[in-house]
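Chemist: Got coords33.tsv for you, TSV, C-alpha atoms:
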```tsv
chain	number	residue	atom	x	y	z
A	1	MET	CA	28.13	114.28	78.04
A	2	MET	CA	25.99	115.39	75.15
A	3	PRO	CA	27.88	116.55	72.01
A	4	ALA	CA	28.79	120.21	71.74
A	5	PRO	CA	26.70	122.36	69.42
A	6	GLN	CA	28.35	123.43	66.19
A	7	SER	CA	27.84	127.19	66.42
A	8	PRO	CA	30.55	129.05	68.38
A	9	SER	CA	28.21	131.98	69.10
A	10	TRP	CA	24.97	130.32	70.23
A	11	VAL	CA	25.33	127.38	72.56
A	12	SER	CA	22.85	125.12	74.30
A	13	LEU	CA	22.47	126.04	77.96
A	14	ARG	CA	21.78	122.40	78.73
A	15	TYR	CA	25.12	121.47	77.17
A	16	LEU	CA	27.00	124.13	79.14
A	17	LEU	CA	25.53	122.90	82.43
A	18	ASP	CA	25.47	119.19	81.65
A	19	GLY	CA	26.45	117.16	84.70
A	20	MET	CA	26.18	120.17	87.00
A	21	VAL	CA	22.46	120.88	87.25
A	22	THR	CA	19.25	119.86	85.47
A	23	VAL	CA	18.03	122.33	82.84
A	24	ASN	CA	14.31	121.72	82.34
A	25	ARG	CA	13.81	124.09	79.42
A	26	ASP	CA	16.77	124.37	77.07
A	27	ILE	CA	17.64	127.63	75.37
A	28	VAL	CA	20.66	128.85	73.43
A	29	VAL	CA	22.91	131.49	74.94
A	30	ALA	CA	25.81	133.67	73.91
A	31	ALA	CA	29.05	134.19	75.84
A	32	PRO	CA	29.15	133.55	79.60
A	33	THR	CA	30.47	136.24	81.95
A	34	VAL	CA	30.69	136.89	85.69
A	35	ASP	CA	30.56	140.66	85.11
A	36	ALA	CA	27.05	142.11	84.60
A	37	ARG	CA	28.63	145.11	82.86
A	38	ALA	CA	30.09	142.85	80.18
A	39	ILE	CA	26.89	141.06	79.19
A	40	GLU	CA	26.27	140.78	75.47
A	41	GLU	CA	22.89	140.30	73.82
A	42	ASN	CA	21.50	136.86	74.69
A	43	GLY	CA	24.48	136.24	76.99
A	44	LEU	CA	24.77	134.07	80.08
A	45	PHE	CA	25.30	135.80	83.43
A	46	LEU	CA	27.06	133.71	86.07
A	47	ALA	CA	26.16	135.39	89.36
A	48	LEU	CA	28.77	134.45	91.95
A	49	SER	CA	28.74	134.80	95.70
A	50	GLY	CA	31.40	137.41	96.45
A	51	ALA	CA	33.15	138.57	99.59
A	52	GLN	CA	31.12	141.79	99.69
A	53	SER	CA	27.90	140.96	97.82
A	54	HIS	CA	26.19	138.36	95.66
A	55	GLY	CA	26.19	138.70	91.88
A	56	LEU	CA	22.40	138.64	91.87
A	57	VAL	CA	22.55	142.21	93.15
A	58	TYR	CA	23.46	143.08	89.56
A	59	ALA	CA	20.75	141.00	87.90
A	60	ASP	CA	18.82	144.09	86.78
A	61	GLN	CA	21.92	145.42	85.05
A	62	ALA	CA	22.49	142.09	83.30
A	63	ILE	CA	18.87	141.92	82.19
A	64	ARG	CA	19.05	145.46	80.79
A	65	GLY	CA	22.09	144.30	78.86
A	66	GLY	CA	20.06	141.59	77.14
A	67	VAL	CA	21.00	138.50	79.14
A	68	ALA	CA	19.17	135.29	78.15
A	69	ALA	CA	19.72	133.37	81.39
A	70	ILE	CA	21.18	133.78	84.85
A	71	VAL	CA	22.90	130.97	86.71
A	72	TYR	CA	23.42	131.95	90.32
A	73	GLU	CA	25.50	130.50	93.11
A	74	ALA	CA	23.55	128.89	95.92
A	75	GLY	CA	24.07	130.44	99.32
A	76	ASP	CA	22.56	131.60	102.57
A	77	GLY	CA	20.58	134.82	102.68
A	78	ILE	CA	19.85	135.21	98.96
A	79	ASP	CA	16.21	134.09	98.93
A	80	CYS	CA	14.99	137.68	98.84
A	81	LEU	CA	17.26	138.47	95.90
A	82	VAL	CA	16.02	135.42	94.01
A	83	GLN	CA	12.37	136.25	94.66
A	84	LYS	CA	12.92	139.85	93.60
A	85	VAL	CA	14.36	138.78	90.24
A	86	LYS	CA	11.58	136.23	89.69
A	87	SER	CA	8.82	138.71	90.54
A	88	GLN	CA	10.17	141.50	88.34
A	89	HIS	CA	11.47	139.62	85.29
A	90	ASP	CA	10.57	136.68	83.07
A	91	ILE	CA	14.10	135.29	82.87
A	92	CYS	CA	15.60	131.82	82.91
A	93	LEU	CA	17.01	131.58	86.46
A	94	ILE	CA	18.99	128.53	87.61
A	95	GLU	CA	20.57	127.81	90.97
A	96	LEU	CA	23.91	125.98	91.02
A	97	SER	CA	25.81	124.99	94.13
A	98	ASN	CA	29.51	125.92	94.13
A	99	LEU	CA	29.15	127.82	90.86
A	100	SER	CA	32.56	129.46	91.36
A	101	ALA	CA	34.26	126.10	90.86
A	102	HIS	CA	32.25	125.42	87.67
A	103	VAL	CA	32.71	128.73	85.82
A	104	SER	CA	35.96	127.66	84.17
A	105	GLU	CA	34.38	124.47	82.81
A	106	ILE	CA	31.24	126.29	81.62
A	107	ALA	CA	33.36	128.85	79.75
A	108	ALA	CA	35.69	126.17	78.38
A	109	ARG	CA	32.67	124.36	76.91
A	110	TYR	CA	31.38	127.56	75.35
A	111	TYR	CA	34.74	128.47	73.78
A	112	GLN	CA	35.38	124.87	72.64
A	113	ARG	CA	38.31	124.24	74.96
A	114	PRO	CA	41.01	126.47	73.44
A	115	SER	CA	43.76	125.12	75.71
A	116	GLU	CA	43.36	121.71	74.07
A	117	ASN	CA	44.56	123.21	70.80
A	118	MET	CA	47.74	125.03	71.85
A	119	PRO	CA	50.30	124.61	74.63
A	120	VAL	CA	49.59	126.75	77.68
A	121	ILE	CA	52.47	127.23	80.12
A	122	GLY	CA	51.47	128.27	83.63
A	123	VAL	CA	53.97	130.25	85.71
A	124	THR	CA	53.48	130.49	89.46
A	125	GLY	CA	55.50	131.71	92.44
A	126	THR	CA	55.72	134.73	94.70
A	127	ASN	CA	58.11	136.61	92.42
A	128	GLY	CA	59.17	136.29	88.79
A	129	LYS	CA	55.85	135.26	87.21
A	130	THR	CA	55.61	138.30	84.94
A	131	SER	CA	59.24	138.15	83.81
A	132	VAL	CA	59.28	134.42	83.11
A	133	SER	CA	56.01	134.43	81.19
A	134	HIS	CA	57.17	137.32	79.00
A	135	PHE	CA	60.68	135.91	78.56
A	136	VAL	CA	59.24	132.59	77.39
A	137	ALA	CA	56.96	134.35	74.90
A	138	GLN	CA	59.79	136.56	73.64
A	139	ALA	CA	62.23	133.67	73.27
A	140	LEU	CA	59.73	131.53	71.38
A	141	SER	CA	58.94	134.47	69.10
A	142	VAL	CA	62.54	134.70	67.86
A	143	ASP	CA	61.78	132.36	64.96
A	144	GLY	CA	58.51	134.08	64.11
A	145	MET	CA	56.25	131.94	66.28
A	146	THR	CA	53.22	133.88	67.55
A	147	CYS	CA	53.04	133.63	71.35
A	148	GLY	CA	50.50	135.18	73.69
A	149	VAL	CA	50.71	136.09	77.35
A	150	ILE	CA	48.16	136.53	80.11
A	151	GLY	CA	49.17	138.21	83.34
A	152	THR	CA	49.80	141.26	85.46
A	153	LEU	CA	50.68	143.57	82.58
A	154	GLY	CA	47.73	142.48	80.45
A	155	TRP	CA	46.90	139.85	77.86
A	156	GLY	CA	47.52	139.42	74.16
A	157	ASN	CA	50.63	139.88	72.06
A	158	PRO	CA	53.51	140.91	74.38
A	159	ASN	CA	54.02	144.05	72.28
A	160	ASN	CA	50.36	145.08	72.31
A	161	LEU	CA	48.77	144.06	75.60
A	162	ILE	CA	45.17	144.63	76.66
A	163	PRO	CA	45.05	145.64	80.36
A	164	THR	CA	43.71	143.20	82.96
A	165	VAL	CA	42.44	143.85	86.48
A	166	ASN	CA	43.95	140.72	88.08
A	167	THR	CA	47.15	138.77	87.47
A	168	THR	CA	44.96	135.78	86.65
A	169	PRO	CA	41.64	137.03	85.19
A	170	ASP	CA	38.26	135.62	86.21
A	171	ALA	CA	37.51	132.10	84.99
A	172	ALA	CA	35.24	133.12	82.11
A	173	SER	CA	37.68	135.78	80.87
A	174	VAL	CA	40.59	133.31	80.94
A	175	GLN	CA	38.78	131.02	78.51
A	176	GLN	CA	37.67	133.93	76.32
A	177	GLN	CA	41.23	135.28	76.16
A	178	LEU	CA	42.69	131.87	75.34
A	179	ALA	CA	40.09	131.42	72.59
A	180	GLN	CA	40.87	134.81	71.09
A	181	LEU	CA	44.63	134.24	71.23
A	182	LEU	CA	44.14	130.90	69.48
A	183	SER	CA	41.92	132.44	66.79
A	184	GLU	CA	44.50	135.18	66.21
A	185	GLY	CA	47.23	132.64	65.55
A	186	SER	CA	49.01	132.17	68.87
A	187	ARG	CA	50.77	128.82	68.95
A	188	VAL	CA	51.76	129.01	72.63
A	189	VAL	CA	50.46	131.00	75.60
A	190	ALA	CA	52.55	131.78	78.68
A	191	MET	CA	50.26	132.58	81.58
A	192	GLU	CA	50.83	133.91	85.07
A	193	VAL	CA	48.90	131.80	87.56
A	194	SER	CA	48.42	133.45	90.93
A	195	SER	CA	47.65	131.68	94.19
A	196	HIS	CA	44.39	133.66	94.37
A	197	GLY	CA	43.45	132.47	90.88
A	198	LEU	CA	44.23	128.87	91.75
A	199	ASP	CA	42.35	128.99	95.05
A	200	GLN	CA	39.31	130.56	93.40
A	201	GLY	CA	39.18	128.04	90.55
A	202	ARG	CA	39.86	130.54	87.76
A	203	VAL	CA	41.97	128.04	85.80
A	204	ASN	CA	40.16	124.81	86.71
A	205	ALA	CA	39.46	123.91	83.08
A	206	VAL	CA	42.72	125.17	81.57
A	207	GLU	CA	44.70	122.23	80.23
A	208	PHE	CA	48.23	123.32	81.05
A	209	GLN	CA	50.99	121.52	79.18
A	210	GLY	CA	53.73	122.93	81.40
A	211	ALA	CA	54.07	124.58	84.80
A	212	VAL	CA	56.87	126.69	86.25
A	213	PHE	CA	57.62	127.33	89.93
A	214	THR	CA	59.84	130.34	90.61
A	215	ASN	CA	59.91	130.72	94.42
A	216	LEU	CA	57.74	130.92	97.53
A	217	SER	CA	58.06	133.59	100.22
A	218	HIS	CA	55.89	135.11	102.95
A	219	ASP	CA	53.47	137.04	100.79
A	220	HIS	CA	49.69	137.08	100.30
A	221	LEU	CA	49.18	135.78	103.83
A	222	ASP	CA	46.45	138.37	104.27
A	223	TYR	CA	44.45	136.12	101.92
A	224	HIS	CA	45.77	132.63	102.62
A	225	GLN	CA	46.44	133.17	106.36
A	226	THR	CA	49.15	130.48	106.57
A	227	MET	CA	52.13	129.42	104.48
A	228	GLU	CA	50.64	125.92	104.34
A	229	ALA	CA	47.46	127.24	102.73
A	230	TYR	CA	49.52	129.45	100.39
A	231	GLY	CA	51.59	126.45	99.32
A	232	ASP	CA	48.54	124.24	98.89
A	233	ALA	CA	47.08	126.80	96.48
A	234	LYS	CA	50.26	126.71	94.40
A	235	LEU	CA	50.26	122.91	94.33
A	236	ALA	CA	46.95	122.89	92.47
A	237	LEU	CA	48.72	123.96	89.27
A	238	PHE	CA	51.05	120.96	89.46
A	239	LYS	CA	48.16	118.55	89.97
A	240	THR	CA	46.60	119.48	86.62
A	241	PRO	CA	45.83	116.18	84.83
A	242	SER	CA	47.01	117.50	81.44
A	243	LEU	CA	50.48	118.48	82.75
A	244	GLU	CA	53.40	117.11	80.74
A	245	PHE	CA	56.37	118.95	82.27
A	246	ALA	CA	57.32	121.03	85.29
A	247	VAL	CA	60.20	123.47	85.75
A	248	LEU	CA	61.19	123.93	89.39
A	249	ASN	CA	63.57	126.13	91.39
A	250	GLN	CA	65.54	123.45	93.22
A	251	ASP	CA	66.96	126.05	95.62
A	252	ASP	CA	63.53	126.72	97.08
A	253	ALA	CA	62.47	124.12	99.64
A	254	PHE	CA	58.89	124.12	98.36
A	255	SER	CA	60.06	122.35	95.19
A	256	GLN	CA	60.19	119.13	97.19
A	257	ASP	CA	56.50	119.50	98.04
A	258	ILE	CA	55.78	119.92	94.35
A	259	LEU	CA	57.82	116.84	93.46
A	260	ASN	CA	55.84	114.85	95.99
A	261	ALA	CA	52.57	116.03	94.42
A	262	LEU	CA	53.49	115.50	90.77
A	263	SER	CA	52.18	112.59	88.77
A	264	ALA	CA	54.88	110.06	87.87
A	265	ASP	CA	54.45	110.73	84.15
A	266	VAL	CA	55.29	114.46	84.42
A	267	SER	CA	58.85	115.22	83.31
A	268	VAL	CA	60.78	117.53	85.63
A	269	LEU	CA	63.57	119.98	84.89
A	270	MET	CA	65.25	121.83	87.76
A	271	PHE	CA	67.47	124.88	87.94
A	272	SER	CA	69.92	125.50	90.77
A	273	ARG	CA	73.15	127.09	91.93
A	274	PHE	CA	74.24	123.92	93.73
A	275	LYS	CA	75.39	120.59	92.35
A	276	GLN	CA	72.55	118.09	92.26
A	277	GLN	CA	72.43	114.32	92.36
A	278	ASP	CA	73.14	112.73	89.00
A	279	GLU	CA	69.60	111.41	88.58
A	280	VAL	CA	68.10	114.92	88.81
A	281	ALA	CA	67.75	116.76	85.47
A	282	CYS	CA	69.05	120.18	86.46
A	283	LEU	CA	70.40	123.33	84.87
A	284	LEU	CA	73.35	124.36	87.05
A	285	ILE	CA	74.08	128.10	87.31
A	286	SER	CA	77.65	129.28	87.95
A	287	ASN	CA	80.10	132.16	87.43
A	288	GLU	CA	77.48	134.88	87.80
A	289	ARG	CA	78.63	138.41	87.08
A	290	LEU	CA	76.54	141.56	87.44
A	291	THR	CA	77.72	144.78	85.77
A	292	VAL	CA	76.26	148.15	84.85
A	293	ASN	CA	75.73	146.75	81.34
A	294	GLY	CA	73.82	143.67	82.36
A	295	LEU	CA	74.64	140.18	83.59
A	296	SER	CA	76.46	137.06	82.54
A	297	PHE	CA	76.64	133.51	83.82
A	298	ASP	CA	77.38	129.94	82.82
A	299	VAL	CA	74.83	127.14	82.62
A	300	SER	CA	75.67	123.44	82.67
A	301	PHE	CA	73.43	120.49	81.81
A	302	ASN	CA	74.23	116.82	81.29
A	303	GLY	CA	77.95	117.49	80.85
A	304	CYS	CA	77.49	120.43	78.47
A	305	SER	CA	78.16	124.06	79.39
A	306	THR	CA	77.38	127.38	77.75
A	307	HIS	CA	77.84	131.06	78.54
A	308	VAL	CA	74.91	133.47	78.69
A	309	GLN	CA	75.23	137.22	78.28
A	310	SER	CA	72.20	139.47	78.83
A	311	ALA	CA	71.44	143.18	78.96
A	312	LEU	CA	69.02	142.52	81.83
A	313	LEU	CA	69.93	143.78	85.29
A	314	GLY	CA	69.72	142.11	88.70
A	315	LYS	CA	70.62	138.68	90.08
A	316	PHE	CA	66.93	137.75	90.19
A	317	ASN	CA	66.89	137.84	86.40
A	318	VAL	CA	69.46	135.04	86.29
A	319	ASP	CA	66.79	132.82	87.83
A	320	ASN	CA	64.12	134.15	85.48
A	321	LEU	CA	66.28	133.57	82.41
A	322	VAL	CA	67.29	130.05	83.38
A	323	ALA	CA	63.69	129.14	84.25
A	324	SER	CA	62.67	130.38	80.79
A	325	MET	CA	65.51	128.42	79.21
A	326	ALA	CA	64.31	125.28	80.99
A	327	VAL	CA	60.81	125.80	79.58
A	328	LEU	CA	62.20	125.96	76.06
A	329	MET	CA	64.18	122.76	76.65
A	330	ALA	CA	61.09	121.03	78.04
A	331	MET	CA	59.29	122.03	74.85
A	332	GLY	CA	61.93	120.35	72.71
A	333	TYR	CA	64.64	122.95	72.06
A	334	ALA	CA	68.26	121.84	72.38
A	335	PHE	CA	70.29	123.09	75.36
A	336	LYS	CA	72.47	125.56	73.45
A	337	GLU	CA	69.63	126.65	71.17
A	338	ALA	CA	67.57	127.56	74.22
A	339	ALA	CA	70.54	129.47	75.65
A	340	VAL	CA	70.85	131.52	72.47
A	341	LYS	CA	67.15	132.38	72.46
A	342	ILE	CA	67.01	133.65	76.05
A	343	GLN	CA	69.85	136.06	75.33
A	344	THR	CA	67.53	137.96	72.99
A	345	VAL	CA	64.89	138.82	75.58
A	346	THR	CA	64.39	142.34	76.87
A	347	ASN	CA	63.09	143.70	80.15
A	348	VAL	CA	59.33	143.93	80.77
```
Since I need it in another form, could you write the structure as structure tokens?

Modeler:
Amino acid sequence: MMPAPQSPSWVSLRYLLDGMVTVNRDIVVAAPTVDARAIEENGLFLALSGAQSHGLVYADQAIRGGVAAIVYEAGDGIDCLVQKVKSQHDICLIELSNLSAHVSEIAARYYQRPSENMPVIGVTGTNGKTSVSHFVAQALSVDGMTCGVIGTLGWGNPNNLIPTVNTTPDAASVQQQLAQLLSEGSRVVAMEVSSHGLDQGRVNAVEFQGAVFTNLSHDHLDYHQTMEAYGDAKLALFKTPSLEFAVLNQDDAFSQDILNALSADVSVLMFSRFKQQDEVACLLISNERLTVNGLSFDVSFNGCSTHVQSALLGKFNVDNLVASMAVLMAMGYAFKEAAVKIQTVTNV
């Protein structure tokens, strides 16, 4: 691949599309986006094929916004749209097959791969993604570390979130948000990763250091149709080449599927309510108590035990807290230090 240009604002189109499609006449472009309403002057519009319409329908809007080039997804029935744009505008127009799968990489190139420069922890599962991502960010912030989040409640600093439309934003926005969090001093980002986002390639170029699996239940089958397809979408996170550690809910049967899919060099930390085999690194939960003032429980690991007291409510938050504790341990915190930190988190 050709070397990246030095300017973070104006980038060679040929560089952004290198290895994907031939660019006969190179130009420089500003930020890529899949939303014609968000085009900036000299920007790059990535026109995707959607469930209801093709992004080229909004080409006029993008051109009015000052777009420098349009890359559009190849597909049946769009010839008239393409000819309309060509006949009405003198604009750089490039066709790219399977553009949806390439957006994350295009945006990562533009923003100089922000996930290479800070740990990104992906959290997936039917339930608990929001809580675990926020708990991890809160716990890491105890010592003054700046941590960002991306998810259902928004993105940014956990105390000052910018709203998002989807749990996992579109692929271009994910890279833009990671880049901004990095530039604003975030040292870690905890990110909710939905099955929709995984299936649609929104995080294809995110270099996750860690991944968390909370649970899998019969949800989102309107989209995935079958539990097998739903599970396969989740597995994509754990097949990320950059992955260094995984935190898994041993009490959910799908964890075995994840273990089977993981690379041998990925370290694994489980959490469970049942005694595990000695060779399995597992945080064992016991003596759970739920009261009107919160919850308490014991956690054991490698012969050590500690007590956790929290103002959070609900048995489900025991799982969320222990999953968050496991993330901290995977990132290098000692067992009891991690336990102390998770006791400081508050509800989201």

Chemist: Tell me, counting all atoms listed in the file, for each residue of stretch 78-151 of chain A within 10 Å of stretch 56-74 of chain A, which pair of atoms is nearest and how far apart they are in Å to one decimal, in rows ordered by chain and increasing number, as a tab-separated table.

Modeler:
```
residue	atom	partner	partner_atom	distance
A:Ile78	CA	A:Ala74	CA	7.9
A:Asp79	CA	A:Ala74	CA	9.5
A:Leu81	CA	A:Leu56	CA	6.5
A:Val82	CA	A:Leu56	CA	7.5
A:Lys84	CA	A:Leu56	CA	9.7
A:Val85	CA	A:Ala59	CA	7.2
A:Gln88	CA	A:Asp60	CA	9.2
A:His89	CA	A:Ile63	CA	8.3
A:Asp90	CA	A:Ile63	CA	9.9
A:Ile91	CA	A:Ala69	CA	6.1
A:Cys92	CA	A:Ala69	CA	4.7
A:Leu93	CA	A:Ile70	CA	5.0
A:Ile94	CA	A:Val71	CA	4.7
A:Glu95	CA	A:Tyr72	CA	5.1
A:Leu96	CA	A:Glu73	CA	5.2
A:Ser97	CA	A:Ala74	CA	4.8
A:Asn98	CA	A:Glu73	CA	6.2
A:Leu99	CA	A:Glu73	CA	5.1
A:Ser100	CA	A:Glu73	CA	7.3
```

Chemist: Can you list every residue of stretch 123-143 of chain A that has an atom at most 12 Å from stretch 249-273 of chain A, with its nearest atom pair and the distance in Å to one decimal, using all atoms listed in the file, ordered by chain then number, as CSV?

Modeler:
```
residue,atom,partner,partner_atom,distance
A:Val123,CA,A:Asn249,CA,11.9
A:Thr124,CA,A:Asn249,CA,11.2
A:Gly125,CA,A:Asn249,CA,9.9
A:Thr126,CA,A:Asp252,CA,11.4
A:Asn127,CA,A:Asn249,CA,11.9
A:Gly128,CA,A:Asn249,CA,11.4
```

Chemist: Tell me which of A:Gly144, A:Ala190, A:Ala179, A:His54 sits closest to A:Pro158, counting only C-alpha atoms.

Modeler: A:Ala190

Chemist: Which one of A:Gln176, A:Ser131, A:Asn159, A:Gln112 sits closest to A:Val11 if you count only C-alpha atoms?

Modeler: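 Closest to A:Val11, using only C-alpha atoms: A:Gln112.
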
Chemist: Could you tell me how far atom CA of A:Ala323 lies from atom CA of A:Val136, in Å and to one decimal?

Modeler: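 Those two atoms sit 8.9 Å apart.
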
Chemist: Would you work out the distance separating atom CA of A:Ser194 from atom CA of A:Gly156, expressed in Å to one decimal?

Modeler: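 Atom-to-atom, atom CA of A:Ser194 to atom CA of A:Gly156, that is 17.8 Å.
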
Chemist: In Å to one decimal, how far is atom CA of A:Phe301 from atom CA of A:Phe335?

Modeler: 7.6 Å
